[in-house]
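See structure below.
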Amino acid sequence: DNIRQSGFTLIEIMVATSIFLIIMLVALGALVSSSNAAKKAQALRSAMDNVNFAMESMTRSLRMGSDYSCVPFGTSVFLPASNNADCVNGGGAIIFTPANNPIGSHPAGSRDTAYVLKSRQGSDPETFVLQRCDPSCVDMISPNVNIDKLTFFVKGTDVADTIQPSVYILMKGTVIVKGIPNSFAIQTMASQRSAE
């Protein structure tokens, strides 16, 4: 009757349970980190999609529009624009006549629309937002996006020019995701479709 019963001792069970708990804690930490990284990437993607949509909308409107007037840096934007103006050295805003926008559809017969960089109301520190004005202004980007630089290079708008009018746009800024700034730079070119 000297049969020995095999099994685990209390110490073996405690060691195995401790190892299992450590592995589970490491795996859970990796899962939480992966989930946070995915949420941050999704928020950044959403903000960049917003910026890309604003740039595409602006490019489409400029391509279909006419009568481009570049506004030099530091100059106030007044609608309607008085004349066409090239801006080979770059300007801070652009005014143009959008397609399918007859005279009389806006107050005072204005046909002009402007894209301009404006200081965001009540922001501290000061941040800037891309706005479309025709003549009232609306923000085109989400609040977590700050546009540091917006430059328009316009050529071909002079009456004596023989080239197709075009606008080259350069936009630089930062997207704030969970308190971390992420820089971006976008550039595109819009050539006027309708020859005048």
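All residue names refer to the structure tokens as shown: chains lettered A, B, ... in order, residues numbered from 1 in each chain, ligands numbered from 1 in order.
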
So which residues touch Thr113 in chain A within 8 Å, counting only C-alpha atoms, skipping near sequence neighbours fewer than 5 positions away, as an mmCIF file with all heavy atoms, in the first residue's frame?
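And here's selection_23.cif as it stands now:
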data_model
loop_
_atom_site.group_PDB
_atom_site.id
_atom_site.type_symbol
_atom_site.label_atom_id
_atom_site.label_comp_id
_atom_site.auth_asym_id
_atom_site.auth_seq_id
_atom_site.Cartn_x
_atom_site.Cartn_y
_atom_site.Cartn_z
ATOM 1 N N LEU A 79 -13.773 91.961 -51.145
ATOM 2 C CA LEU A 79 -14.569 91.413 -52.234
ATOM 3 C C LEU A 79 -15.569 92.462 -52.689
ATOM 4 O O LEU A 79 -16.174 93.126 -51.869
ATOM 5 C CB LEU A 79 -15.312 90.155 -51.774
ATOM 6 C CG LEU A 79 -14.426 88.975 -51.371
ATOM 7 C CD1 LEU A 79 -15.284 87.835 -50.859
ATOM 8 C CD2 LEU A 79 -13.562 88.502 -52.518
ATOM 9 N N PRO A 80 -15.804 92.652 -53.978
ATOM 10 C CA PRO A 80 -15.142 91.961 -55.077
ATOM 11 C C PRO A 80 -13.747 92.520 -55.340
ATOM 12 O O PRO A 80 -13.440 93.639 -54.956
ATOM 13 C CB PRO A 80 -16.063 92.243 -56.258
ATOM 14 C CG PRO A 80 -16.661 93.565 -55.945
ATOM 15 C CD PRO A 80 -16.830 93.602 -54.450
ATOM 16 N N ILE A 95 -8.318 85.669 -54.820
ATOM 17 C CA ILE A 95 -9.710 86.016 -55.109
ATOM 18 C C ILE A 95 -9.966 85.608 -56.561
ATOM 19 O O ILE A 95 -9.113 85.796 -57.423
ATOM 20 C CB ILE A 95 -9.954 87.524 -54.929
ATOM 21 C CG1 ILE A 95 -9.589 87.952 -53.508
ATOM 22 C CG2 ILE A 95 -11.399 87.878 -55.230
ATOM 23 C CD1 ILE A 95 -9.623 89.451 -53.280
ATOM 24 N N PHE A 96 -11.137 85.043 -56.817
ATOM 25 C CA PHE A 96 -11.464 84.607 -58.178
ATOM 26 C C PHE A 96 -12.974 84.599 -58.362
ATOM 27 O O PHE A 96 -13.735 84.722 -57.398
ATOM 28 C CB PHE A 96 -10.884 83.215 -58.456
ATOM 29 C CG PHE A 96 -11.515 82.129 -57.632
ATOM 30 C CD1 PHE A 96 -12.457 81.275 -58.187
ATOM 31 C CD2 PHE A 96 -11.179 81.955 -56.300
ATOM 32 C CE1 PHE A 96 -13.050 80.278 -57.419
ATOM 33 C CE2 PHE A 96 -11.762 80.965 -55.539
ATOM 34 C CZ PHE A 96 -12.700 80.122 -56.092
ATOM 35 N N THR A 97 -13.384 84.466 -59.611
ATOM 36 C CA THR A 97 -14.803 84.350 -59.921
ATOM 37 C C THR A 97 -15.115 82.873 -60.110
ATOM 38 O O THR A 97 -14.597 82.243 -61.032
ATOM 39 C CB THR A 97 -15.150 85.118 -61.211
ATOM 40 O OG1 THR A 97 -14.807 86.484 -61.018
ATOM 41 C CG2 THR A 97 -16.629 85.010 -61.527
ATOM 42 N N PRO A 98 -15.934 82.289 -59.241
ATOM 43 C CA PRO A 98 -16.246 80.868 -59.381
ATOM 44 C C PRO A 98 -17.160 80.602 -60.573
ATOM 45 O O PRO A 98 -17.845 81.503 -61.055
ATOM 46 C CB PRO A 98 -16.937 80.518 -58.064
ATOM 47 C CG PRO A 98 -17.445 81.805 -57.541
ATOM 48 C CD PRO A 98 -16.552 82.887 -58.076
ATOM 49 N N ARG A 132 -12.972 80.051 -46.638
ATOM 50 C CA ARG A 132 -13.537 80.418 -47.939
ATOM 51 C C ARG A 132 -14.500 81.567 -47.674
ATOM 52 O O ARG A 132 -15.403 81.453 -46.844
ATOM 53 C CB ARG A 132 -14.268 79.231 -48.559
ATOM 54 C CG ARG A 132 -14.926 79.586 -49.887
ATOM 55 C CD ARG A 132 -15.759 78.423 -50.414
ATOM 56 N NE ARG A 132 -16.537 78.853 -51.560
ATOM 57 C CZ ARG A 132 -16.338 78.446 -52.806
ATOM 58 N NH1 ARG A 132 -15.382 77.591 -53.055
ATOM 59 N NH2 ARG A 132 -17.098 78.877 -53.781
ATOM 60 N N CYS A 133 -14.305 82.670 -48.392
ATOM 61 C CA CYS A 133 -15.130 83.861 -48.202
ATOM 62 C C CYS A 133 -15.857 84.184 -49.500
ATOM 63 O O CYS A 133 -15.225 84.264 -50.561
ATOM 64 C CB CYS A 133 -14.268 85.055 -47.791
ATOM 65 S SG CYS A 133 -13.296 84.771 -46.302
ATOM 66 N N ASP A 134 -17.201 84.381 -49.395
ATOM 67 C CA ASP A 134 -17.952 84.756 -50.597
ATOM 68 C C ASP A 134 -19.285 85.430 -50.302
ATOM 69 O O ASP A 134 -20.306 84.929 -50.733
ATOM 70 C CB ASP A 134 -18.142 83.553 -51.517
ATOM 71 C CG ASP A 134 -18.919 82.415 -50.864
ATOM 72 O OD1 ASP A 134 -19.204 82.444 -49.656
ATOM 73 O OD2 ASP A 134 -19.255 81.488 -51.605
ATOM 74 N N PRO A 135 -19.434 86.544 -49.697
ATOM 75 C CA PRO A 135 -18.449 87.311 -48.941
ATOM 76 C C PRO A 135 -18.318 86.874 -47.483
ATOM 77 O O PRO A 135 -17.354 87.222 -46.824
ATOM 78 C CB PRO A 135 -18.974 88.737 -49.022
ATOM 79 C CG PRO A 135 -20.437 88.591 -49.152
ATOM 80 C CD PRO A 135 -20.667 87.313 -49.915
#

If we count only C-alpha atoms, what is near range 165-169 of chain A at a cut-off of 8 Å, once residues fewer than 6 positions away on the same chain are taken out, given as a ChimeraX atom specification?
/A:62,68,150-157,187-192

Atoms to include: C-alpha atoms. Write the selected residues as a CSV table (one decimal), in the first residue's frame.
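Result written to result-v1.csv:
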chain,number,residue,atom,x,y,z
A,62,LEU,CA,-10.1,77.4,-58.8
A,68,TYR,CA,-7.7,85.1,-60.5
A,150,LEU,CA,-0.5,79.1,-47.1
A,151,THR,CA,1.0,80.6,-50.3
A,152,PHE,CA,-0.6,81.1,-53.7
A,153,PHE,CA,1.6,81.6,-56.8
A,154,VAL,CA,-0.5,82.9,-59.7
A,155,LYS,CA,0.6,83.4,-63.3
A,156,GLY,CA,-1.1,83.9,-66.7
A,157,THR,CA,-3.8,86.4,-65.5
A,187,GLN,CA,1.2,71.3,-52.7
A,188,THR,CA,-0.9,71.3,-55.9
A,189,MET,CA,-1.5,73.2,-59.1
A,190,ALA,CA,-4.8,74.3,-60.6
A,191,SER,CA,-4.9,75.4,-64.3
A,192,GLN,CA,-8.0,77.3,-65.4

Considering only C-alpha atoms, return as a PyMOL selection string whatever protein or nucleic-acid residues lie within 10 Å of range 146-149 of chain A, sequence-local ones (same chain, fewer than 5 positions apart) excluded.
chain A and resi 51+92+117-120+126-130+141+170-176+181+183-185

For CA of Ala37 in chain A and CA of Asn50 in chain A, the interatomic separation in Å (one decimal)
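Spanning CA of Ala37 in chain A to CA of Asn50 in chain A is a straight-line distance of 19.9 Å.
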
Could you pull out the helix (DSSP H, G or I) residues of chain A, going by DSSP on the backbone, and write them as a ChimeraX atom specification?
/A:10-64,107-109

Pick out the residues sitting within 9 Å of Val177 in chain A, and hand them over as a PyMOL selection string; count only C-alpha atoms, and ignore anything fewer than 2 positions along from it in its own chain.
chain A and resi 40-41+43-44+47+144+175+179-182

Using the selection just defined, write its residues with N, CA and C atoms as a PDB file, in the first residue's frame.
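out26.pdb, freshly written:
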ATOM      1  N   LYS A  40      -4.749  56.701 -32.436  1.00  0.00           N
ATOM      2  CA  LYS A  40      -4.001  57.896 -32.822  1.00  0.00           C
ATOM      3  C   LYS A  40      -3.849  57.959 -34.336  1.00  0.00           C
ATOM      4  N   ALA A  41      -3.522  56.819 -34.950  1.00  0.00           N
ATOM      5  CA  ALA A  41      -3.374  56.782 -36.408  1.00  0.00           C
ATOM      6  C   ALA A  41      -4.697  57.106 -37.096  1.00  0.00           C
ATOM      7  N   ALA A  43      -7.163  58.988 -35.845  1.00  0.00           N
ATOM      8  CA  ALA A  43      -7.433  60.417 -35.659  1.00  0.00           C
ATOM      9  C   ALA A  43      -6.569  61.254 -36.601  1.00  0.00           C
ATOM     10  N   LEU A  44      -5.301  60.873 -36.772  1.00  0.00           N
ATOM     11  CA  LEU A  44      -4.415  61.591 -37.682  1.00  0.00           C
ATOM     12  C   LEU A  44      -4.901  61.442 -39.116  1.00  0.00           C
ATOM     13  N   ALA A  47      -7.946  63.688 -39.671  1.00  0.00           N
ATOM     14  CA  ALA A  47      -7.567  65.100 -39.803  1.00  0.00           C
ATOM     15  C   ALA A  47      -6.910  65.365 -41.148  1.00  0.00           C
ATOM     16  N   ASN A 144      -8.495  70.889 -34.912  1.00  0.00           N
ATOM     17  CA  ASN A 144      -7.194  70.365 -34.482  1.00  0.00           C
ATOM     18  C   ASN A 144      -6.111  70.518 -35.554  1.00  0.00           C
ATOM     19  N   VAL A 175      -1.000  69.045 -37.421  1.00  0.00           N
ATOM     20  CA  VAL A 175      -2.219  68.415 -36.919  1.00  0.00           C
ATOM     21  C   VAL A 175      -1.924  67.976 -35.491  1.00  0.00           C
ATOM     22  N   GLY A 179      -2.534  65.790 -28.229  1.00  0.00           N
ATOM     23  CA  GLY A 179      -1.524  66.711 -27.717  1.00  0.00           C
ATOM     24  C   GLY A 179      -0.189  66.655 -28.431  1.00  0.00           C
ATOM     25  N   ILE A 180      -0.055  65.812 -29.439  1.00  0.00           N
ATOM     26  CA  ILE A 180       1.221  65.673 -30.153  1.00  0.00           C
ATOM     27  C   ILE A 180       1.085  66.294 -31.537  1.00  0.00           C
ATOM     28  N   PRO A 181       1.938  67.289 -31.869  1.00  0.00           N
ATOM     29  CA  PRO A 181       1.867  67.908 -33.202  1.00  0.00           C
ATOM     30  C   PRO A 181       2.509  67.028 -34.275  1.00  0.00           C
ATOM     31  N   ASN A 182       1.839  66.948 -35.417  1.00  0.00           N
ATOM     32  CA  ASN A 182       2.343  66.199 -36.568  1.00  0.00           C
ATOM     33  C   ASN A 182       2.370  67.146 -37.755  1.00  0.00           C
TER      34      ASN A 182
END

Rounded to one decimal place, report the CA of Gln42 in chain A-CA of Ser123 in chain A distance in Å.
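Computing it gives 24.8 Å between the two atoms.
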
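Atom pair CA of Gly122 in chain A / CA of Cys137 in chain A has a distance of 16.3 Å (rounded to one decimal).
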
Would you mind writing down, as an MDAnalysis selection string, each residue of chain A that DSSP on the backbone assigns to strand (DSSP E or B)?
chainID A and resid 66:71 85 87:91 93:97 113:119 128:133 137:139 145:155 166:177 180:191

For Phe53 in chain A, which residue among A:Gln121, A:Ser35, A:Ser142, A:Ser136 is the nearest when counting only C-alpha atoms?
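Smallest separation from Phe53 in chain A among the options: A:Ser142.
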
Using only C-alpha atoms for the distances, tell me which of A:Lys178, A:Asp158, A:Leu21, A:Ile186 is nearest to Lys39 in chain A.
A:Lys178
